[in-house]
>>> print(open('model07.txt').read())   # compact mmCIF, N, CA and C atoms and all ligand atoms
# COMPACT_ATOMS: atom_id res chain seq x y z
N MET A 20 14.58 15.15 37.42
CA MET A 20 15.08 13.84 36.98
C MET A 20 16.55 13.69 37.37
N ALA A 21 16.79 13.03 38.44
CA ALA A 21 18.18 12.82 38.85
C ALA A 21 18.74 11.60 38.11
N ASP A 22 19.90 11.76 37.52
CA ASP A 22 20.49 10.60 36.86
C ASP A 22 21.35 9.80 37.84
N ASP A 23 21.57 10.39 39.02
CA ASP A 23 22.34 9.69 40.05
C ASP A 23 21.35 9.00 40.99
N GLU A 24 21.36 7.68 41.00
CA GLU A 24 20.39 6.94 41.82
C GLU A 24 20.49 7.28 43.29
N SER A 25 21.69 7.65 43.75
CA SER A 25 21.88 7.89 45.18
C SER A 25 21.14 9.15 45.64
N THR A 26 20.72 10.01 44.71
CA THR A 26 20.01 11.21 45.13
C THR A 26 18.51 10.95 45.22
N ALA A 27 18.05 9.82 44.74
CA ALA A 27 16.62 9.52 44.81
C ALA A 27 16.24 9.18 46.25
N ARG A 28 14.99 9.43 46.60
CA ARG A 28 14.53 9.13 47.95
C ARG A 28 14.54 7.62 48.18
N ALA A 29 15.06 7.23 49.35
CA ALA A 29 15.03 5.83 49.73
C ALA A 29 14.70 5.75 51.21
N LEU A 30 13.87 4.79 51.56
CA LEU A 30 13.50 4.57 52.95
C LEU A 30 14.05 3.23 53.37
N SER A 31 14.64 3.19 54.57
CA SER A 31 15.18 1.92 55.04
C SER A 31 14.44 1.47 56.28
N GLY A 32 14.50 0.17 56.52
CA GLY A 32 13.82 -0.39 57.67
C GLY A 32 14.38 -1.75 57.99
N SER A 33 13.84 -2.35 59.03
CA SER A 33 14.31 -3.68 59.43
C SER A 33 13.28 -4.30 60.35
N CYS A 34 13.50 -5.59 60.61
CA CYS A 34 12.73 -6.26 61.65
C CYS A 34 13.29 -5.82 63.01
N LEU A 35 12.69 -6.31 64.07
CA LEU A 35 13.11 -5.89 65.41
C LEU A 35 14.56 -6.26 65.70
N CYS A 36 14.98 -7.44 65.33
CA CYS A 36 16.34 -7.88 65.66
C CYS A 36 17.37 -7.42 64.64
N GLY A 37 16.93 -6.92 63.49
CA GLY A 37 17.85 -6.37 62.50
C GLY A 37 18.41 -7.39 61.51
N ARG A 38 18.03 -8.65 61.61
CA ARG A 38 18.55 -9.65 60.67
C ARG A 38 17.98 -9.47 59.27
N VAL A 39 16.75 -9.01 59.19
CA VAL A 39 16.13 -8.73 57.90
C VAL A 39 16.09 -7.21 57.73
N ARG A 40 16.70 -6.73 56.65
CA ARG A 40 16.70 -5.30 56.37
C ARG A 40 16.04 -5.06 55.02
N LEU A 41 15.42 -3.90 54.88
CA LEU A 41 14.76 -3.59 53.62
C LEU A 41 15.01 -2.14 53.25
N GLU A 42 14.97 -1.89 51.97
CA GLU A 42 15.08 -0.53 51.46
C GLU A 42 14.09 -0.36 50.32
N VAL A 43 13.39 0.76 50.34
CA VAL A 43 12.42 1.08 49.28
C VAL A 43 12.89 2.35 48.60
N ARG A 44 13.07 2.28 47.29
CA ARG A 44 13.44 3.46 46.52
C ARG A 44 12.17 4.14 46.00
N GLY A 45 12.18 5.45 46.08
CA GLY A 45 11.03 6.21 45.60
C GLY A 45 9.98 6.34 46.70
N ASP A 46 8.81 6.76 46.31
CA ASP A 46 7.76 7.03 47.28
C ASP A 46 6.92 5.79 47.56
N LEU A 47 6.40 5.75 48.78
CA LEU A 47 5.48 4.67 49.14
C LEU A 47 4.10 4.98 48.57
N GLY A 48 3.35 3.96 48.31
CA GLY A 48 1.95 4.15 47.96
C GLY A 48 1.17 4.56 49.20
N PRO A 49 -0.14 4.73 49.06
CA PRO A 49 -0.96 5.12 50.20
C PRO A 49 -0.89 4.09 51.31
N ALA A 50 -1.00 4.58 52.54
CA ALA A 50 -1.00 3.67 53.68
C ALA A 50 -2.33 2.93 53.75
N ASP A 51 -2.26 1.68 54.19
CA ASP A 51 -3.45 0.87 54.35
C ASP A 51 -3.40 0.23 55.72
N ALA A 52 -4.51 0.23 56.43
CA ALA A 52 -4.55 -0.44 57.73
C ALA A 52 -5.60 -1.53 57.65
N CYS A 53 -5.16 -2.77 57.65
CA CYS A 53 -6.10 -3.87 57.47
C CYS A 53 -6.47 -4.50 58.80
N HIS A 54 -7.79 -4.58 59.02
CA HIS A 54 -8.32 -5.15 60.26
C HIS A 54 -8.91 -6.53 60.02
N CYS A 55 -8.59 -7.18 58.91
CA CYS A 55 -9.20 -8.49 58.66
C CYS A 55 -8.74 -9.48 59.73
N VAL A 56 -9.46 -10.57 59.86
CA VAL A 56 -9.16 -11.54 60.91
C VAL A 56 -7.70 -12.01 60.82
N GLN A 57 -7.23 -12.27 59.61
CA GLN A 57 -5.87 -12.79 59.46
C GLN A 57 -4.84 -11.75 59.91
N CYS A 58 -5.00 -10.49 59.50
CA CYS A 58 -4.04 -9.46 59.89
C CYS A 58 -4.10 -9.21 61.39
N ARG A 59 -5.29 -9.25 61.96
CA ARG A 59 -5.41 -9.05 63.42
C ARG A 59 -4.70 -10.17 64.16
N LYS A 60 -4.91 -11.40 63.73
CA LYS A 60 -4.31 -12.51 64.45
C LYS A 60 -2.79 -12.55 64.26
N GLN A 61 -2.33 -12.21 63.06
CA GLN A 61 -0.87 -12.27 62.87
C GLN A 61 -0.16 -11.12 63.57
N SER A 62 -0.72 -9.92 63.50
CA SER A 62 -0.01 -8.75 64.04
C SER A 62 -0.33 -8.51 65.51
N GLY A 63 -1.43 -9.06 66.00
CA GLY A 63 -1.87 -8.79 67.36
C GLY A 63 -2.70 -7.52 67.45
N HIS A 64 -2.85 -6.81 66.32
CA HIS A 64 -3.62 -5.57 66.34
C HIS A 64 -4.17 -5.42 64.93
N TYR A 65 -3.77 -4.40 64.18
CA TYR A 65 -4.08 -4.36 62.76
C TYR A 65 -2.77 -4.17 62.00
N PHE A 66 -2.80 -4.43 60.72
CA PHE A 66 -1.57 -4.40 59.93
C PHE A 66 -1.56 -3.14 59.07
N ALA A 67 -0.62 -2.24 59.35
CA ALA A 67 -0.47 -1.01 58.57
C ALA A 67 0.65 -1.23 57.56
N SER A 68 0.34 -1.02 56.29
CA SER A 68 1.32 -1.32 55.25
C SER A 68 1.15 -0.35 54.09
N ALA A 69 2.13 -0.39 53.19
CA ALA A 69 2.03 0.34 51.92
C ALA A 69 2.47 -0.60 50.82
N ASN A 70 1.83 -0.49 49.67
CA ASN A 70 2.19 -1.33 48.53
C ASN A 70 3.41 -0.73 47.83
N VAL A 71 4.37 -1.60 47.52
CA VAL A 71 5.63 -1.16 46.94
C VAL A 71 5.87 -2.00 45.67
N PRO A 72 6.23 -1.35 44.56
CA PRO A 72 6.59 -2.15 43.37
C PRO A 72 7.77 -3.06 43.70
N ARG A 73 7.73 -4.28 43.23
CA ARG A 73 8.80 -5.23 43.58
C ARG A 73 10.18 -4.72 43.18
N ASP A 74 10.24 -4.02 42.04
CA ASP A 74 11.56 -3.58 41.59
C ASP A 74 12.08 -2.38 42.36
N ALA A 75 11.27 -1.84 43.28
CA ALA A 75 11.74 -0.72 44.12
C ALA A 75 12.17 -1.21 45.50
N LEU A 76 12.02 -2.50 45.75
CA LEU A 76 12.30 -3.05 47.08
C LEU A 76 13.56 -3.91 47.07
N THR A 77 14.44 -3.65 48.02
CA THR A 77 15.62 -4.51 48.23
C THR A 77 15.53 -5.09 49.63
N VAL A 78 15.66 -6.40 49.73
CA VAL A 78 15.62 -7.06 51.03
C VAL A 78 16.95 -7.77 51.26
N THR A 79 17.57 -7.53 52.40
CA THR A 79 18.77 -8.27 52.75
C THR A 79 18.44 -9.13 53.97
N GLY A 80 19.12 -10.26 54.08
CA GLY A 80 18.83 -11.20 55.16
C GLY A 80 17.62 -12.05 54.86
N ARG A 81 17.34 -12.26 53.59
CA ARG A 81 16.16 -13.06 53.20
C ARG A 81 16.17 -14.45 53.83
N GLU A 82 17.36 -14.96 54.12
CA GLU A 82 17.44 -16.31 54.72
C GLU A 82 16.82 -16.34 56.12
N HIS A 83 16.60 -15.16 56.71
CA HIS A 83 15.99 -15.11 58.04
C HIS A 83 14.48 -14.93 57.96
N LEU A 84 13.93 -14.84 56.75
CA LEU A 84 12.49 -14.69 56.60
C LEU A 84 11.81 -16.05 56.60
N SER A 85 10.67 -16.12 57.23
CA SER A 85 9.79 -17.29 57.10
C SER A 85 8.51 -16.82 56.43
N TRP A 86 7.87 -17.73 55.72
CA TRP A 86 6.65 -17.37 54.99
C TRP A 86 5.52 -18.27 55.44
N HIS A 87 4.39 -17.66 55.72
CA HIS A 87 3.17 -18.41 56.04
C HIS A 87 2.19 -18.22 54.90
N GLN A 88 1.80 -19.31 54.27
CA GLN A 88 0.82 -19.25 53.18
C GLN A 88 -0.55 -19.14 53.83
N SER A 89 -1.09 -17.92 53.90
CA SER A 89 -2.33 -17.71 54.65
C SER A 89 -3.57 -17.93 53.82
N SER A 90 -3.42 -17.90 52.49
CA SER A 90 -4.52 -18.24 51.60
C SER A 90 -3.89 -18.67 50.28
N ALA A 91 -4.72 -19.07 49.34
CA ALA A 91 -4.17 -19.62 48.10
C ALA A 91 -3.28 -18.61 47.39
N ALA A 92 -3.64 -17.32 47.46
CA ALA A 92 -2.93 -16.32 46.67
C ALA A 92 -2.00 -15.44 47.50
N ILE A 93 -1.96 -15.62 48.80
CA ILE A 93 -1.22 -14.70 49.67
C ILE A 93 -0.30 -15.46 50.60
N ARG A 94 0.94 -14.94 50.74
CA ARG A 94 1.82 -15.43 51.80
C ARG A 94 2.28 -14.24 52.61
N ARG A 95 2.56 -14.52 53.88
CA ARG A 95 2.92 -13.47 54.83
C ARG A 95 4.32 -13.74 55.34
N GLY A 96 5.19 -12.71 55.25
CA GLY A 96 6.59 -12.90 55.60
C GLY A 96 6.92 -12.29 56.95
N PHE A 97 7.68 -13.03 57.75
CA PHE A 97 8.07 -12.54 59.07
C PHE A 97 9.47 -13.04 59.40
N CYS A 98 10.13 -12.34 60.32
CA CYS A 98 11.49 -12.72 60.71
C CYS A 98 11.45 -13.99 61.55
N SER A 99 12.25 -14.97 61.17
CA SER A 99 12.27 -16.25 61.89
C SER A 99 12.80 -16.11 63.30
N THR A 100 13.59 -15.08 63.55
CA THR A 100 14.20 -14.92 64.87
C THR A 100 13.34 -14.08 65.80
N CYS A 101 12.95 -12.88 65.36
CA CYS A 101 12.24 -11.97 66.28
C CYS A 101 10.73 -11.94 66.02
N GLY A 102 10.28 -12.49 64.91
CA GLY A 102 8.84 -12.58 64.66
C GLY A 102 8.21 -11.37 64.01
N SER A 103 8.99 -10.31 63.73
CA SER A 103 8.39 -9.11 63.11
C SER A 103 7.66 -9.48 61.83
N PHE A 104 6.43 -9.00 61.73
CA PHE A 104 5.58 -9.23 60.55
C PHE A 104 5.91 -8.12 59.55
N LEU A 105 6.50 -8.49 58.41
CA LEU A 105 7.09 -7.50 57.50
C LEU A 105 6.37 -7.38 56.16
N PHE A 106 5.91 -8.51 55.62
CA PHE A 106 5.42 -8.50 54.24
C PHE A 106 4.09 -9.24 54.10
N TRP A 107 3.23 -8.65 53.31
CA TRP A 107 2.00 -9.31 52.87
C TRP A 107 2.16 -9.42 51.36
N ASP A 108 2.32 -10.65 50.89
CA ASP A 108 2.85 -10.87 49.54
C ASP A 108 1.89 -11.64 48.65
N PRO A 109 1.34 -10.97 47.63
CA PRO A 109 0.59 -11.69 46.59
C PRO A 109 1.58 -12.00 45.45
N PRO A 110 2.18 -13.19 45.42
CA PRO A 110 3.27 -13.46 44.47
C PRO A 110 2.90 -13.23 43.01
N ALA A 111 1.63 -13.31 42.67
CA ALA A 111 1.24 -13.13 41.27
C ALA A 111 1.25 -11.66 40.84
N LYS A 112 1.33 -10.74 41.80
CA LYS A 112 1.28 -9.31 41.48
C LYS A 112 2.69 -8.73 41.36
N ASP A 113 2.78 -7.54 40.81
CA ASP A 113 4.09 -6.90 40.66
C ASP A 113 4.40 -5.96 41.82
N TRP A 114 3.64 -6.07 42.90
CA TRP A 114 3.88 -5.27 44.10
C TRP A 114 3.78 -6.16 45.33
N ILE A 115 4.28 -5.64 46.45
CA ILE A 115 4.22 -6.35 47.72
C ILE A 115 3.91 -5.32 48.81
N ALA A 116 3.12 -5.71 49.81
CA ALA A 116 2.80 -4.79 50.91
C ALA A 116 3.88 -4.91 51.98
N VAL A 117 4.44 -3.76 52.35
CA VAL A 117 5.52 -3.71 53.34
C VAL A 117 4.98 -3.05 54.60
N ALA A 118 5.30 -3.63 55.75
CA ALA A 118 4.81 -3.11 57.03
C ALA A 118 5.39 -1.72 57.29
N LEU A 119 4.52 -0.75 57.55
CA LEU A 119 4.99 0.62 57.81
C LEU A 119 5.78 0.69 59.12
N GLY A 120 5.44 -0.17 60.06
CA GLY A 120 6.14 -0.15 61.34
C GLY A 120 7.59 -0.58 61.25
N ALA A 121 7.99 -1.17 60.13
CA ALA A 121 9.37 -1.64 59.98
C ALA A 121 10.34 -0.52 59.61
N PHE A 122 9.81 0.61 59.16
CA PHE A 122 10.73 1.67 58.70
C PHE A 122 11.42 2.36 59.87
N ASP A 123 12.66 2.77 59.62
CA ASP A 123 13.48 3.39 60.66
C ASP A 123 13.06 4.83 60.95
N THR A 124 12.45 5.47 59.97
CA THR A 124 12.07 6.88 60.12
C THR A 124 10.59 7.00 59.80
N PRO A 125 9.96 8.11 60.21
CA PRO A 125 8.54 8.28 59.86
C PRO A 125 8.36 8.20 58.35
N THR A 126 7.25 7.63 57.93
CA THR A 126 7.03 7.40 56.51
C THR A 126 6.27 8.58 55.90
N PRO A 127 6.81 9.14 54.81
CA PRO A 127 6.16 10.32 54.20
C PRO A 127 4.70 10.07 53.86
N ALA A 128 4.38 8.89 53.33
CA ALA A 128 3.00 8.64 52.92
C ALA A 128 2.05 8.79 54.10
N LEU A 129 2.46 8.27 55.26
CA LEU A 129 1.61 8.37 56.45
C LEU A 129 1.50 9.80 56.92
N SER A 130 2.63 10.53 56.96
CA SER A 130 2.60 11.90 57.43
C SER A 130 1.64 12.74 56.61
N GLU A 131 1.66 12.50 55.29
CA GLU A 131 0.77 13.27 54.43
C GLU A 131 -0.68 12.90 54.67
N GLU A 132 -0.93 11.63 54.95
CA GLU A 132 -2.32 11.19 55.11
C GLU A 132 -2.99 11.78 56.35
N VAL A 133 -2.22 12.07 57.40
CA VAL A 133 -2.86 12.56 58.61
C VAL A 133 -3.09 14.07 58.59
N GLU A 134 -2.58 14.77 57.56
CA GLU A 134 -2.85 16.19 57.44
C GLU A 134 -4.35 16.38 57.18
N PRO A 135 -4.97 17.38 57.83
CA PRO A 135 -6.40 17.60 57.59
C PRO A 135 -6.67 18.11 56.17
ZN ZN A 201 14.29 -10.13 63.22
ZN ZN A 202 -5.75 -8.18 56.32
>>> encode(input="model07.txt", output="structure tokens")
Amino acid sequence: MADDESTARALSGSCLCGRVRLEVRGDLGPADACHCVQCRKQSGHYFASANVPRDALTVTGREHLSWHQSSAAIRRGFCSTCGSFLFWDPPAKDWIAVALGAFDTPTPALSEEVEP
């Protein structure tokens, strides 16, 4: 139990152009790779993400985010400048899915998942 927040694990990331930056404190949830039609069309492939509690996520450059309401309960966030697909957001929930590809370093949750 560290009482100093700076010693807790934090992962940082950004969109391609760097205008939108994000930081997640603590561990990521399990990785998810969604192949649904909407994720395929938006990402061009499939969307790999992890669910993050909202209070563990800090986003800077929010003014550069655009949101596409893809269904009644879901909006998808992307950088208005470079187009990076960053967030799959169910606003009614207390978590948000963050794109694993946005992180600057390999993500621990993914590394653990690929171990046999
Ligand atoms: Zn960008
Ligand atoms: Zn999907």
>>> residues_around(input="model07.txt", residues="segment 101-111 of chain A", least_positions_apart="4", cutoff="10 Å", atoms="only C-alpha atoms", output="ChimeraX atom specification")
/A:32-41,58,61-62,66,68-70,73,83-97,115-122
>>> closest_residue(input="model07.txt", among="A:Glu42, A:Pro49, A:Ser99, A:Arg59", to="Val78 of chain A", atoms="all atoms listed in the file")
A:Glu42
>>> atom_distance(input="model07.txt", atom1="atom CA of Leu30 of chain A", atom2="atom CA of Thr124 of chain A")
7.7 Å
>>> select_by_dssp(input="model07.txt", residues="chain A", states="strand (DSSP E or B)", output="number ranges by chain")
A: 29-33, 40-44, 50-53, 66-72, 76-79, 84-90, 93-98, 104-108, 114-118, 122
>>> axis_aligned_box(input="model07.txt", around="segment 49-59 of chain A", padding_each_side="3 Å", output="JSON")
{"center_x": -4.8, "center_y": -3.8, "center_z": 56.6, "size_x": 15.3, "size_y": 23.9, "size_z": 21.1}
>>> residues_near_ligand(input="model07.txt", ligand="ligand ZN 202 (chain A)", cutoff="6 Å", atoms="only N, CA and C atoms and all ligand atoms", output="mmCIF file with N, CA and C atoms, keeping the file's coordinate frame")
data_model
loop_
_atom_site.group_PDB
_atom_site.id
_atom_site.type_symbol
_atom_site.label_atom_id
_atom_site.label_comp_id
_atom_site.auth_asym_id
_atom_site.auth_seq_id
_atom_site.Cartn_x
_atom_site.Cartn_y
_atom_site.Cartn_z
ATOM 1 N N CYS A 53 -5.160 -2.770 57.650
ATOM 2 C CA CYS A 53 -6.100 -3.870 57.470
ATOM 3 C C CYS A 53 -6.470 -4.500 58.800
ATOM 4 N N HIS A 54 -7.790 -4.580 59.020
ATOM 5 C CA HIS A 54 -8.320 -5.150 60.260
ATOM 6 C C HIS A 54 -8.910 -6.530 60.020
ATOM 7 N N CYS A 55 -8.590 -7.180 58.910
ATOM 8 C CA CYS A 55 -9.200 -8.490 58.660
ATOM 9 C C CYS A 55 -8.740 -9.480 59.730
ATOM 10 N N VAL A 56 -9.460 -10.570 59.860
ATOM 11 C CA VAL A 56 -9.160 -11.540 60.910
ATOM 12 C C VAL A 56 -7.700 -12.010 60.820
ATOM 13 N N GLN A 57 -7.230 -12.270 59.610
ATOM 14 C CA GLN A 57 -5.870 -12.790 59.460
ATOM 15 C C GLN A 57 -4.840 -11.750 59.910
ATOM 16 N N CYS A 58 -5.000 -10.490 59.500
ATOM 17 C CA CYS A 58 -4.040 -9.460 59.890
ATOM 18 C C CYS A 58 -4.100 -9.210 61.390
ATOM 19 N N ARG A 59 -5.290 -9.250 61.960
ATOM 20 C CA ARG A 59 -5.410 -9.050 63.420
ATOM 21 C C ARG A 59 -4.700 -10.170 64.160
#
>>> atom_distance(input="model07.txt", atom1="atom C of Ala29 of chain A", atom2="atom C of Arg44 of chain A")
6.0 Å
>>> closest_residue(input="model07.txt", among="A:Glu82, A:Asp74, A:Asp113, A:Asp51", to="ligand ZN 201 (chain A)", atoms="only C-alpha atoms and all ligand atoms")
A:Glu82
>>> closest_residue(input="model07.txt", among="A:Asp46, A:Val71, A:Pro125, A:Thr100", to="ligand ZN 201 (chain A)", atoms="only N, CA and C atoms and all ligand atoms")
A:Thr100
>>> decode(input="model07.txt", residues="segment 41-74 of chain A", atoms="N, CA and C atoms", output="mmCIF file, in the first residue's frame")
data_model
loop_
_atom_site.group_PDB
_atom_site.id
_atom_site.type_symbol
_atom_site.label_atom_id
_atom_site.label_comp_id
_atom_site.auth_asym_id
_atom_site.auth_seq_id
_atom_site.Cartn_x
_atom_site.Cartn_y
_atom_site.Cartn_z
ATOM 1 N N LEU A 41 -3.354 10.486 -22.679
ATOM 2 C CA LEU A 41 -4.102 9.815 -21.629
ATOM 3 C C LEU A 41 -3.153 9.142 -20.652
ATOM 4 N N GLU A 42 -3.625 8.999 -19.446
ATOM 5 C CA GLU A 42 -2.874 8.278 -18.428
ATOM 6 C C GLU A 42 -3.844 7.421 -17.635
ATOM 7 N N VAL A 43 -3.439 6.181 -17.388
ATOM 8 C CA VAL A 43 -4.253 5.253 -16.603
ATOM 9 C C VAL A 43 -3.460 4.871 -15.366
ATOM 10 N N ARG A 44 -4.047 5.095 -14.200
ATOM 11 C CA ARG A 44 -3.406 4.699 -12.951
ATOM 12 C C ARG A 44 -3.878 3.298 -12.569
ATOM 13 N N GLY A 45 -2.931 2.503 -12.113
ATOM 14 C CA GLY A 45 -3.260 1.144 -11.705
ATOM 15 C C GLY A 45 -3.208 0.204 -12.900
ATOM 16 N N ASP A 46 -3.741 -0.973 -12.713
ATOM 17 C CA ASP A 46 -3.654 -1.999 -13.740
ATOM 18 C C ASP A 46 -4.822 -1.924 -14.708
ATOM 19 N N LEU A 47 -4.545 -2.353 -15.933
ATOM 20 C CA LEU A 47 -5.611 -2.442 -16.931
ATOM 21 C C LEU A 47 -6.412 -3.709 -16.688
ATOM 22 N N GLY A 48 -7.644 -3.680 -17.076
ATOM 23 C CA GLY A 48 -8.442 -4.899 -17.069
ATOM 24 C C GLY A 48 -7.982 -5.807 -18.206
ATOM 25 N N PRO A 49 -8.641 -6.948 -18.370
ATOM 26 C CA PRO A 49 -8.262 -7.869 -19.438
ATOM 27 C C PRO A 49 -8.399 -7.221 -20.808
ATOM 28 N N ALA A 50 -7.528 -7.640 -21.713
ATOM 29 C CA ALA A 50 -7.599 -7.123 -23.078
ATOM 30 C C ALA A 50 -8.790 -7.735 -23.793
ATOM 31 N N ASP A 51 -9.399 -6.938 -24.658
ATOM 32 C CA ASP A 51 -10.528 -7.400 -25.450
ATOM 33 C C ASP A 51 -10.275 -7.008 -26.898
ATOM 34 N N ALA A 52 -10.530 -7.910 -27.817
ATOM 35 C CA ALA A 52 -10.381 -7.581 -29.236
ATOM 36 C C ALA A 52 -11.737 -7.757 -29.892
ATOM 37 N N CYS A 53 -12.353 -6.649 -30.268
ATOM 38 C CA CYS A 53 -13.707 -6.725 -30.804
ATOM 39 C C CYS A 53 -13.697 -6.687 -32.324
ATOM 40 N N HIS A 54 -14.353 -7.692 -32.907
ATOM 41 C CA HIS A 54 -14.435 -7.797 -34.364
ATOM 42 C C HIS A 54 -15.824 -7.433 -34.868
ATOM 43 N N CYS A 55 -16.631 -6.751 -34.074
ATOM 44 C CA CYS A 55 -17.983 -6.434 -34.542
ATOM 45 C C CYS A 55 -17.903 -5.502 -35.754
ATOM 46 N N VAL A 56 -18.976 -5.415 -36.498
ATOM 47 C CA VAL A 56 -18.968 -4.620 -37.727
ATOM 48 C C VAL A 56 -18.550 -3.179 -37.441
ATOM 49 N N GLN A 57 -19.062 -2.606 -36.352
ATOM 50 C CA GLN A 57 -18.753 -1.205 -36.062
ATOM 51 C C GLN A 57 -17.266 -1.025 -35.753
ATOM 52 N N CYS A 58 -16.686 -1.911 -34.934
ATOM 53 C CA CYS A 58 -15.268 -1.780 -34.604
ATOM 54 C C CYS A 58 -14.403 -2.022 -35.829
ATOM 55 N N ARG A 59 -14.794 -2.966 -36.673
ATOM 56 C CA ARG A 59 -14.013 -3.218 -37.892
ATOM 57 C C ARG A 59 -14.043 -2.001 -38.796
ATOM 58 N N LYS A 60 -15.211 -1.415 -38.973
ATOM 59 C CA LYS A 60 -15.300 -0.277 -39.885
ATOM 60 C C LYS A 60 -14.595 0.958 -39.319
ATOM 61 N N GLN A 61 -14.697 1.155 -38.006
ATOM 62 C CA GLN A 61 -14.044 2.356 -37.474
ATOM 63 C C GLN A 61 -12.529 2.209 -37.424
ATOM 64 N N SER A 62 -12.038 1.037 -37.039
ATOM 65 C CA SER A 62 -10.592 0.880 -36.849
ATOM 66 C C SER A 62 -9.881 0.435 -38.121
ATOM 67 N N GLY A 63 -10.619 -0.123 -39.066
ATOM 68 C CA GLY A 63 -10.010 -0.672 -40.270
ATOM 69 C C GLY A 63 -9.547 -2.102 -40.074
ATOM 70 N N HIS A 64 -9.683 -2.617 -38.840
ATOM 71 C CA HIS A 64 -9.237 -3.983 -38.561
ATOM 72 C C HIS A 64 -10.119 -4.474 -37.425
ATOM 73 N N TYR A 65 -9.558 -4.751 -36.247
ATOM 74 C CA TYR A 65 -10.386 -4.982 -35.073
ATOM 75 C C TYR A 65 -9.918 -4.034 -33.983
ATOM 76 N N PHE A 66 -10.731 -3.860 -32.972
ATOM 77 C CA PHE A 66 -10.429 -2.878 -31.931
ATOM 78 C C PHE A 66 -9.980 -3.602 -30.670
ATOM 79 N N ALA A 67 -8.707 -3.409 -30.298
ATOM 80 C CA ALA A 67 -8.162 -4.011 -29.077
ATOM 81 C C ALA A 67 -8.205 -2.961 -27.980
ATOM 82 N N SER A 68 -8.836 -3.297 -26.872
ATOM 83 C CA SER A 68 -9.018 -2.305 -25.811
ATOM 84 C C SER A 68 -9.007 -2.994 -24.455
ATOM 85 N N ALA A 69 -8.942 -2.159 -23.418
ATOM 86 C CA ALA A 69 -9.101 -2.642 -22.046
ATOM 87 C C ALA A 69 -10.044 -1.694 -21.337
ATOM 88 N N ASN A 70 -10.873 -2.243 -20.464
ATOM 89 C CA ASN A 70 -11.805 -1.410 -19.709
ATOM 90 C C ASN A 70 -11.078 -0.780 -18.521
ATOM 91 N N VAL A 71 -11.303 0.513 -18.336
ATOM 92 C CA VAL A 71 -10.605 1.274 -17.306
ATOM 93 C C VAL A 71 -11.662 2.007 -16.466
ATOM 94 N N PRO A 72 -11.564 1.935 -15.138
ATOM 95 C CA PRO A 72 -12.494 2.736 -14.318
ATOM 96 C C PRO A 72 -12.321 4.217 -14.652
ATOM 97 N N ARG A 73 -13.418 4.933 -14.740
ATOM 98 C CA ARG A 73 -13.318 6.349 -15.137
ATOM 99 C C ARG A 73 -12.420 7.152 -14.205
ATOM 100 N N ASP A 74 -12.453 6.809 -12.915
ATOM 101 C CA ASP A 74 -11.655 7.611 -11.977
ATOM 102 C C ASP A 74 -10.174 7.267 -12.030
#
